[in-house]
Amino acid sequence: MTPVIHWFRRDLRLHDNLALAAAFQSGAPILPVFIFDPAILKSDWSGAPRLAFLLKALTSLDESLQAWGGKLLIRIGDPRQSLPRLIQTTGARGLYFNKDYSPFAQKRDQQVARLVGIPVSAFDDAILQPPGTVVKDNGLPYTMFTPFKRRWLSYDKPPITENYLVGGCFHLMDDMGHIPSLQELGYGPIETDIPEASEKKAIVLLENFVQKAIGTYAERRNVLAADRNQAEPGTSYLSPYLRFGLISPRQVYWAAHHTAKNALFISVETWVSELVWREFYMHILHFFPHVMGSSFQRKYDQLAWRYAPAELEAWKAGMTGYPVVDAAMRQLQAMGWMHNRARMIVASFLTKDLLIDWREGERHFMQWLIDGDPAANNGGWQWAAGTGTDAQPYFRIFNPQSQSEKFDPEGVYIKRWVPELRDVPIRYIHDPHRMPIPPHQYPPPIVDHALARERALTAYQFVK
DNA sequence: TGAAATGTTGGGGCG
DNA sequence: ACGCCCCAACATTTC
């Protein structure tokens with residue numbers, strides 16, 4: 001029996017996977033494939049932590065497939081060449097995959113569809129409302145979040161699909177390849193602590209969160225120290241799992257929906273809003289591809305960003321002298337993840353206090369975040385820089401000290417990630433340079449916030 | 001999903 | 001008792 005191919009990309013799960021379910025229903029044996037594209041691996045938008053998470057996810061996926069008598073086929077190469085070759089050797093009669101809405105992926109997928117010469121079935125699986133399904137009455141895409149969200153919420157959402165897989169429905173070959181190591185993919189060893197990456201883990205995180213934490217999400221989501229390692233996490237920590245499709249947005253949405261009756265409605269809605277942000281920015285990238293590399297609001301391409309490599313390096317290393325900024329930047333390298341409130345704080349600091357181009361921050365985040373996604377990351381950075389859709393006004397400049405006092409009042413987050421400050425009394429934890437004898441391992445502030453704020457206002461006002 | 005500057009109010013100390 | 005000042009607390013405006 002000639003097989004059909006299921007091409008795994010950002011849907012590394014067996015449950016609620018639309019393309020995989022359709023491949024199964026075709027009746028043919030399924031050949032599950034993952035392809036490493038060297039063009040992506042070599043890009044400076046890739047990063048070892050995210051790749052390490054991906055490798056764990058693939059290993060777990062392969063184990064799940066083996067439980068059903070299958071195995072994940074691995075190839076390294078341009079899919080435009082790998083897939084036609086694979087189809088030639090196997091005689092596969094269909095190609096199934098779930099859509100990726102980024103401009104780069106869509107172009108590639110169109111080329112693949114032309115080259116394979118067999119029927120291609122692509123599914124809307126990664127998102128509850130695909131681009132084009134949430135538009136204004138005049139047919140144009142939304143560029144503001146709040147009206148987008150209102151419209152988004154008004155539609156019925158697709159249900160979770162059954163897992164139809166049974167033993168023996170997979171196709172095996174002599175040369176299945178193997179899941180490579182980081183080293184084989186050209187990366188050195190890493191110190192980042194990569195979490196367990198499996199469908200099962202994602203479901204445990206989701207269940208735990210909706211049962212124990214969703215009701216207080218609206219208030220606790222801003223607590224910097226309440227991360228996944230705490231008994232009661234303030235956030236779900238599902239972003240890496242959604243990023244690679246270890247869990248579907250439908251599973252997440254319906255889990256929240258079903259608890260809405262038992263939990264504070266405002267908290268559930270706040271949490272679902274984060275799912276809507278994810279889709280909003282996917283739409284934005286789809287309809288406004290120029291945001292990749294330039295400002296959504298074109299006028300801000302004129303902004304006179306500073307060239308300050310030493311300050312950029314201090315920011316990356318967590319050595320700015322602003323404790324909350326440094327804690328966040330070190331958390332990023334240690335965990336491959338950063339609290340969302342912290343992302344806003346460090347993004348404001350880079351773009352406003354240091355007046356360094358948001359694209360530098362965008363790239364750094366892509367190199368370190370295991371949940372790094374082009375659409376969401378770009379949207380977040382342009383929001384912080386004030387150059388994007390629905391952006392905060394340019395004059396909204398975070399004060400790192402008051403943010404720190406508000407969202408890490410006891411300095412727990414700071415002390416966890418900046419060990420030099422562990423002995424600093426609470427009253428000095430947000431600005432240790434004011435101590436009579438400042439901690440000597442810790443640098444003084446690299447900029448004066450009050451002066452930096454004036455400098456940023458001037459630069460932004462010049463554009464306006 | 002701000003923060004700083006400026007304006008207003010009201011209680012208390014004091015002559 | 002009264003006016004004056006100070007200033008914290010809160011509100012509004014501005015960036």
# chains A, B, ... in the order shown; residues from 1 in each chain; ligands from 1
>>> interface_residues(of="chain B", to="chain A", cutoff="10 Å", atoms="only C-alpha atoms (C1' of nucleotides)", output="list in words")
DT1, DG2, DA3 and DA4 of chain B
>>> residues_around(residues="segment 7-15 of chain C", least_positions_apart="6", cutoff="12 Å", atoms="only C-alpha atoms (C1' of nucleotides)", output="list in words")
Pro393, Tyr394, Phe395, Arg396, Ile397, Arg453, Glu454, Ala456, Leu457, Thr458, Tyr460 and Gln461 of chain A; DG2, DA3, DA4, DA5, DT6, DG7, DT8, DT9, DG10, DG11, DG12 and DG13 of chain B
>>> write_last_selection(atoms="N, CA and C atoms (P, O5', C5', C4', C3', O3' and C1' of nucleotides)", output="tab-separated table (two decimals), in the first residue's frame")
chain	number	residue	atom	x	y	z
A	393	PRO	N	1.39	54.73	23.21
A	393	PRO	CA	1.95	55.99	22.74
A	393	PRO	C	3.44	56.08	23.06
A	394	TYR	N	4.17	56.81	22.22
A	394	TYR	CA	5.64	56.84	22.36
A	394	TYR	C	6.08	57.32	23.73
A	395	PHE	N	5.23	58.13	24.38
A	395	PHE	CA	5.65	58.71	25.65
A	395	PHE	C	5.41	57.79	26.83
A	396	ARG	N	4.87	56.61	26.57
A	396	ARG	CA	4.70	55.66	27.67
A	396	ARG	C	6.02	54.94	27.91
A	397	ILE	N	6.75	55.44	28.88
A	397	ILE	CA	8.08	54.91	29.16
A	397	ILE	C	8.08	54.31	30.56
A	453	ARG	N	14.94	59.17	29.80
A	453	ARG	CA	13.54	59.40	29.45
A	453	ARG	C	13.41	60.66	28.60
A	454	GLU	N	14.07	61.73	29.02
A	454	GLU	CA	14.02	62.97	28.26
A	454	GLU	C	14.60	62.78	26.85
A	456	ALA	N	14.71	60.02	25.11
A	456	ALA	CA	13.79	59.24	24.29
A	456	ALA	C	12.61	60.10	23.82
A	457	LEU	N	12.07	60.90	24.72
A	457	LEU	CA	10.94	61.77	24.34
A	457	LEU	C	11.35	62.70	23.20
A	458	THR	N	12.55	63.25	23.30
A	458	THR	CA	13.03	64.15	22.24
A	458	THR	C	13.15	63.41	20.91
A	460	TYR	N	11.69	60.64	19.90
A	460	TYR	CA	10.40	60.21	19.36
A	460	TYR	C	9.60	61.41	18.87
A	461	GLN	N	9.72	62.51	19.59
A	461	GLN	CA	8.95	63.69	19.22
A	461	GLN	C	9.44	64.23	17.87
B	2	DG	P	0.44	50.83	29.87
B	2	DG	O5'	1.74	51.30	30.64
B	2	DG	C5'	1.78	51.48	32.04
B	2	DG	C4'	3.10	52.17	32.29
B	2	DG	C3'	3.31	52.55	33.74
B	2	DG	O3'	4.70	52.57	33.95
B	2	DG	C1'	2.96	54.51	32.45
B	3	DA	P	5.23	52.89	35.39
B	3	DA	O5'	5.52	54.43	35.24
B	3	DA	C5'	6.45	54.85	34.25
B	3	DA	C4'	6.60	56.34	34.30
B	3	DA	C3'	6.80	56.93	35.70
B	3	DA	O3'	7.91	57.79	35.60
B	3	DA	C1'	5.05	58.05	34.59
B	4	DA	P	8.53	58.54	36.82
B	4	DA	O5'	8.20	60.06	36.46
B	4	DA	C5'	8.64	60.57	35.22
B	4	DA	C4'	8.07	61.94	35.01
B	4	DA	C3'	8.27	62.91	36.18
B	4	DA	O3'	8.71	64.14	35.63
B	4	DA	C1'	5.98	62.78	35.63
B	5	DA	P	9.02	65.41	36.52
B	5	DA	O5'	7.75	66.32	36.17
B	5	DA	C5'	7.42	66.54	34.81
B	5	DA	C4'	6.20	67.45	34.74
B	5	DA	C3'	6.24	68.62	35.72
B	5	DA	O3'	5.75	69.77	35.03
B	5	DA	C1'	4.30	67.33	36.10
B	6	DT	P	5.74	71.20	35.72
B	6	DT	O5'	4.21	71.34	36.12
B	6	DT	C5'	3.21	71.16	35.11
B	6	DT	C4'	1.85	71.12	35.77
B	6	DT	C3'	1.60	72.22	36.81
B	6	DT	O3'	0.47	72.98	36.40
B	6	DT	C1'	0.88	70.11	37.59
B	7	DG	P	-0.08	74.17	37.28
B	7	DG	O5'	-1.35	73.47	37.94
B	7	DG	C5'	-2.33	72.88	37.09
B	7	DG	C4'	-3.47	72.33	37.94
B	7	DG	C3'	-3.98	73.29	39.02
B	7	DG	O3'	-5.40	73.27	39.00
B	7	DG	C1'	-3.37	71.22	40.00
B	8	DT	P	-6.26	74.23	39.97
B	8	DT	O5'	-6.68	73.22	41.12
B	8	DT	C5'	-7.43	72.05	40.79
B	8	DT	C4'	-7.77	71.29	42.04
B	8	DT	C3'	-8.32	72.16	43.18
B	8	DT	O3'	-9.58	71.65	43.56
B	8	DT	C1'	-6.59	70.72	43.96
B	9	DT	P	-10.45	72.39	44.67
B	9	DT	O5'	-10.20	71.46	45.93
B	9	DT	C5'	-10.28	70.04	45.79
B	9	DT	C4'	-9.85	69.39	47.09
B	9	DT	C3'	-10.37	70.08	48.35
B	9	DT	O3'	-11.05	69.14	49.15
B	9	DT	C1'	-8.03	69.68	48.49
B	10	DG	P	-12.03	69.62	50.26
B	10	DG	O5'	-11.25	69.17	51.56
B	10	DG	C5'	-10.72	67.84	51.65
B	10	DG	C4'	-9.72	67.80	52.78
B	10	DG	C3'	-10.15	68.60	54.02
B	10	DG	O3'	-9.82	67.85	55.18
B	10	DG	C1'	-8.04	69.33	53.32
B	11	DG	P	-10.61	68.02	56.50
B	11	DG	O5'	-9.54	67.53	57.55
B	11	DG	C5'	-8.71	66.40	57.26
B	11	DG	C4'	-7.35	66.62	57.88
B	11	DG	C3'	-7.39	67.24	59.27
B	11	DG	O3'	-6.55	66.50	60.13
B	11	DG	C1'	-6.00	68.53	57.86
B	12	DG	P	-6.57	66.76	61.69
B	12	DG	O5'	-5.18	67.49	61.92
B	12	DG	C5'	-3.96	66.84	61.51
B	12	DG	C4'	-2.82	67.83	61.65
B	12	DG	C3'	-2.80	68.57	62.99
B	12	DG	O3'	-1.49	68.55	63.51
B	12	DG	C1'	-2.77	70.12	61.21
B	13	DG	P	-1.21	69.04	64.97
B	13	DG	O5'	-0.10	70.15	64.69
B	13	DG	C5'	1.01	69.85	63.84
B	13	DG	C4'	1.77	71.13	63.55
B	13	DG	C3'	2.01	72.00	64.78
B	13	DG	O3'	3.33	72.49	64.75
B	13	DG	C1'	0.81	73.24	63.14
>>> residues_around(residues="Asp301 of chain A", least_positions_apart="4", cutoff="10 Å", atoms="only C-alpha atoms (C1' of nucleotides)", output="count of residues only")
9
>>> residues_around(residues="Gly132 of chain A", least_positions_apart="4", cutoff="10 Å", atoms="only C-alpha atoms (C1' of nucleotides)", output="number ranges by chain")
A: 136, 139-141, 283, 286-287
>>> residues_around(residues="segment 52-55 of chain A", least_positions_apart="5", cutoff="9 Å", atoms="only C-alpha atoms (C1' of nucleotides)", output="VMD selection string")
chain A and resid 47 60 179 to 182 190 194 to 197 240 244 370
>>> write_last_selection(atoms="N, CA and C atoms", output="PDB file, in the first residue's frame")
ATOM      1  N   GLY A  47      18.053  29.719  17.568  1.00  0.00           N
ATOM      2  CA  GLY A  47      18.780  29.703  18.829  1.00  0.00           C
ATOM      3  C   GLY A  47      18.852  28.294  19.375  1.00  0.00           C
ATOM      4  N   SER A  60       9.996  12.929  21.985  1.00  0.00           N
ATOM      5  CA  SER A  60       8.749  12.519  22.616  1.00  0.00           C
ATOM      6  C   SER A  60       7.700  12.104  21.578  1.00  0.00           C
ATOM      7  N   ILE A 179      16.893  11.341  14.989  1.00  0.00           N
ATOM      8  CA  ILE A 179      16.809  12.709  15.527  1.00  0.00           C
ATOM      9  C   ILE A 179      18.222  13.151  15.876  1.00  0.00           C
ATOM     10  N   PRO A 180      18.693  14.215  15.252  1.00  0.00           N
ATOM     11  CA  PRO A 180      20.093  14.614  15.452  1.00  0.00           C
ATOM     12  C   PRO A 180      20.308  15.249  16.827  1.00  0.00           C
ATOM     13  N   SER A 181      21.557  15.355  17.202  1.00  0.00           N
ATOM     14  CA  SER A 181      21.902  16.090  18.420  1.00  0.00           C
ATOM     15  C   SER A 181      22.126  17.552  18.055  1.00  0.00           C
ATOM     16  N   LEU A 182      22.185  18.396  19.091  1.00  0.00           N
ATOM     17  CA  LEU A 182      22.507  19.807  18.859  1.00  0.00           C
ATOM     18  C   LEU A 182      23.817  19.937  18.091  1.00  0.00           C
ATOM     19  N   ILE A 190      24.776  23.694  25.611  1.00  0.00           N
ATOM     20  CA  ILE A 190      24.125  24.862  26.218  1.00  0.00           C
ATOM     21  C   ILE A 190      23.951  24.660  27.705  1.00  0.00           C
ATOM     22  N   ILE A 194      16.345  23.293  29.820  1.00  0.00           N
ATOM     23  CA  ILE A 194      15.222  23.081  28.902  1.00  0.00           C
ATOM     24  C   ILE A 194      14.172  22.194  29.565  1.00  0.00           C
ATOM     25  N   PRO A 195      12.911  22.615  29.574  1.00  0.00           N
ATOM     26  CA  PRO A 195      11.888  21.822  30.265  1.00  0.00           C
ATOM     27  C   PRO A 195      11.518  20.565  29.476  1.00  0.00           C
ATOM     28  N   GLU A 196      10.844  19.659  30.171  1.00  0.00           N
ATOM     29  CA  GLU A 196      10.308  18.476  29.496  1.00  0.00           C
ATOM     30  C   GLU A 196       9.394  18.918  28.353  1.00  0.00           C
ATOM     31  N   ALA A 197       9.566  18.309  27.191  1.00  0.00           N
ATOM     32  CA  ALA A 197       8.793  18.726  26.013  1.00  0.00           C
ATOM     33  C   ALA A 197       7.999  17.546  25.483  1.00  0.00           C
ATOM     34  N   PRO A 240       5.830  27.774  25.193  1.00  0.00           N
ATOM     35  CA  PRO A 240       6.702  26.932  24.363  1.00  0.00           C
ATOM     36  C   PRO A 240       5.928  25.772  23.720  1.00  0.00           C
ATOM     37  N   PHE A 244       5.287  25.067  19.460  1.00  0.00           N
ATOM     38  CA  PHE A 244       5.597  23.895  18.641  1.00  0.00           C
ATOM     39  C   PHE A 244       4.401  22.961  18.491  1.00  0.00           C
ATOM     40  N   ILE A 370      12.631  29.841  24.033  1.00  0.00           N
ATOM     41  CA  ILE A 370      12.156  28.572  23.488  1.00  0.00           C
ATOM     42  C   ILE A 370      10.749  28.726  22.905  1.00  0.00           C
TER      43      ILE A 370
END
>>> select_by_dssp(residues="segment 52-129 of chain A", states="strand (DSSP E)", output="tab-separated table (two decimals) with N, CA and C atoms, in the first residue's frame")
chain	number	residue	atom	x	y	z
A	73	LEU	N	10.04	9.84	10.66
A	73	LEU	CA	11.13	9.92	9.68
A	73	LEU	C	11.77	11.30	9.75
A	74	ILE	N	13.09	11.33	9.79
A	74	ILE	CA	13.82	12.59	9.91
A	74	ILE	C	14.66	12.84	8.66
A	75	ARG	N	14.57	14.04	8.14
A	75	ARG	CA	15.45	14.44	7.05
A	75	ARG	C	16.04	15.80	7.38
A	76	ILE	N	17.24	16.05	6.86
A	76	ILE	CA	17.86	17.37	6.97
A	76	ILE	C	18.06	17.88	5.56
A	95	LEU	N	0.04	14.47	0.40
A	95	LEU	CA	0.85	15.19	1.38
A	95	LEU	C	-0.08	15.99	2.27
A	96	TYR	N	0.03	15.77	3.58
A	96	TYR	CA	-0.80	16.47	4.55
A	96	TYR	C	0.06	17.32	5.46
A	97	PHE	N	-0.39	18.54	5.73
A	97	PHE	CA	0.27	19.33	6.76
A	97	PHE	C	-0.68	20.41	7.26
A	98	ASN	N	-0.32	20.99	8.40
A	98	ASN	CA	-1.09	22.10	8.96
A	98	ASN	C	-0.43	23.41	8.57
A	120	VAL	N	-2.09	17.84	-2.32
A	120	VAL	CA	-1.63	18.42	-1.07
A	120	VAL	C	-2.85	18.90	-0.28
A	121	SER	N	-2.92	18.51	0.99
A	121	SER	CA	-4.02	18.96	1.85
A	121	SER	C	-3.46	19.74	3.03
A	122	ALA	N	-3.79	21.04	3.10
A	122	ALA	CA	-3.29	21.91	4.17
A	122	ALA	C	-4.46	22.34	5.04
A	123	PHE	N	-4.24	22.38	6.36
A	123	PHE	CA	-5.34	22.60	7.31
A	123	PHE	C	-5.10	23.80	8.21
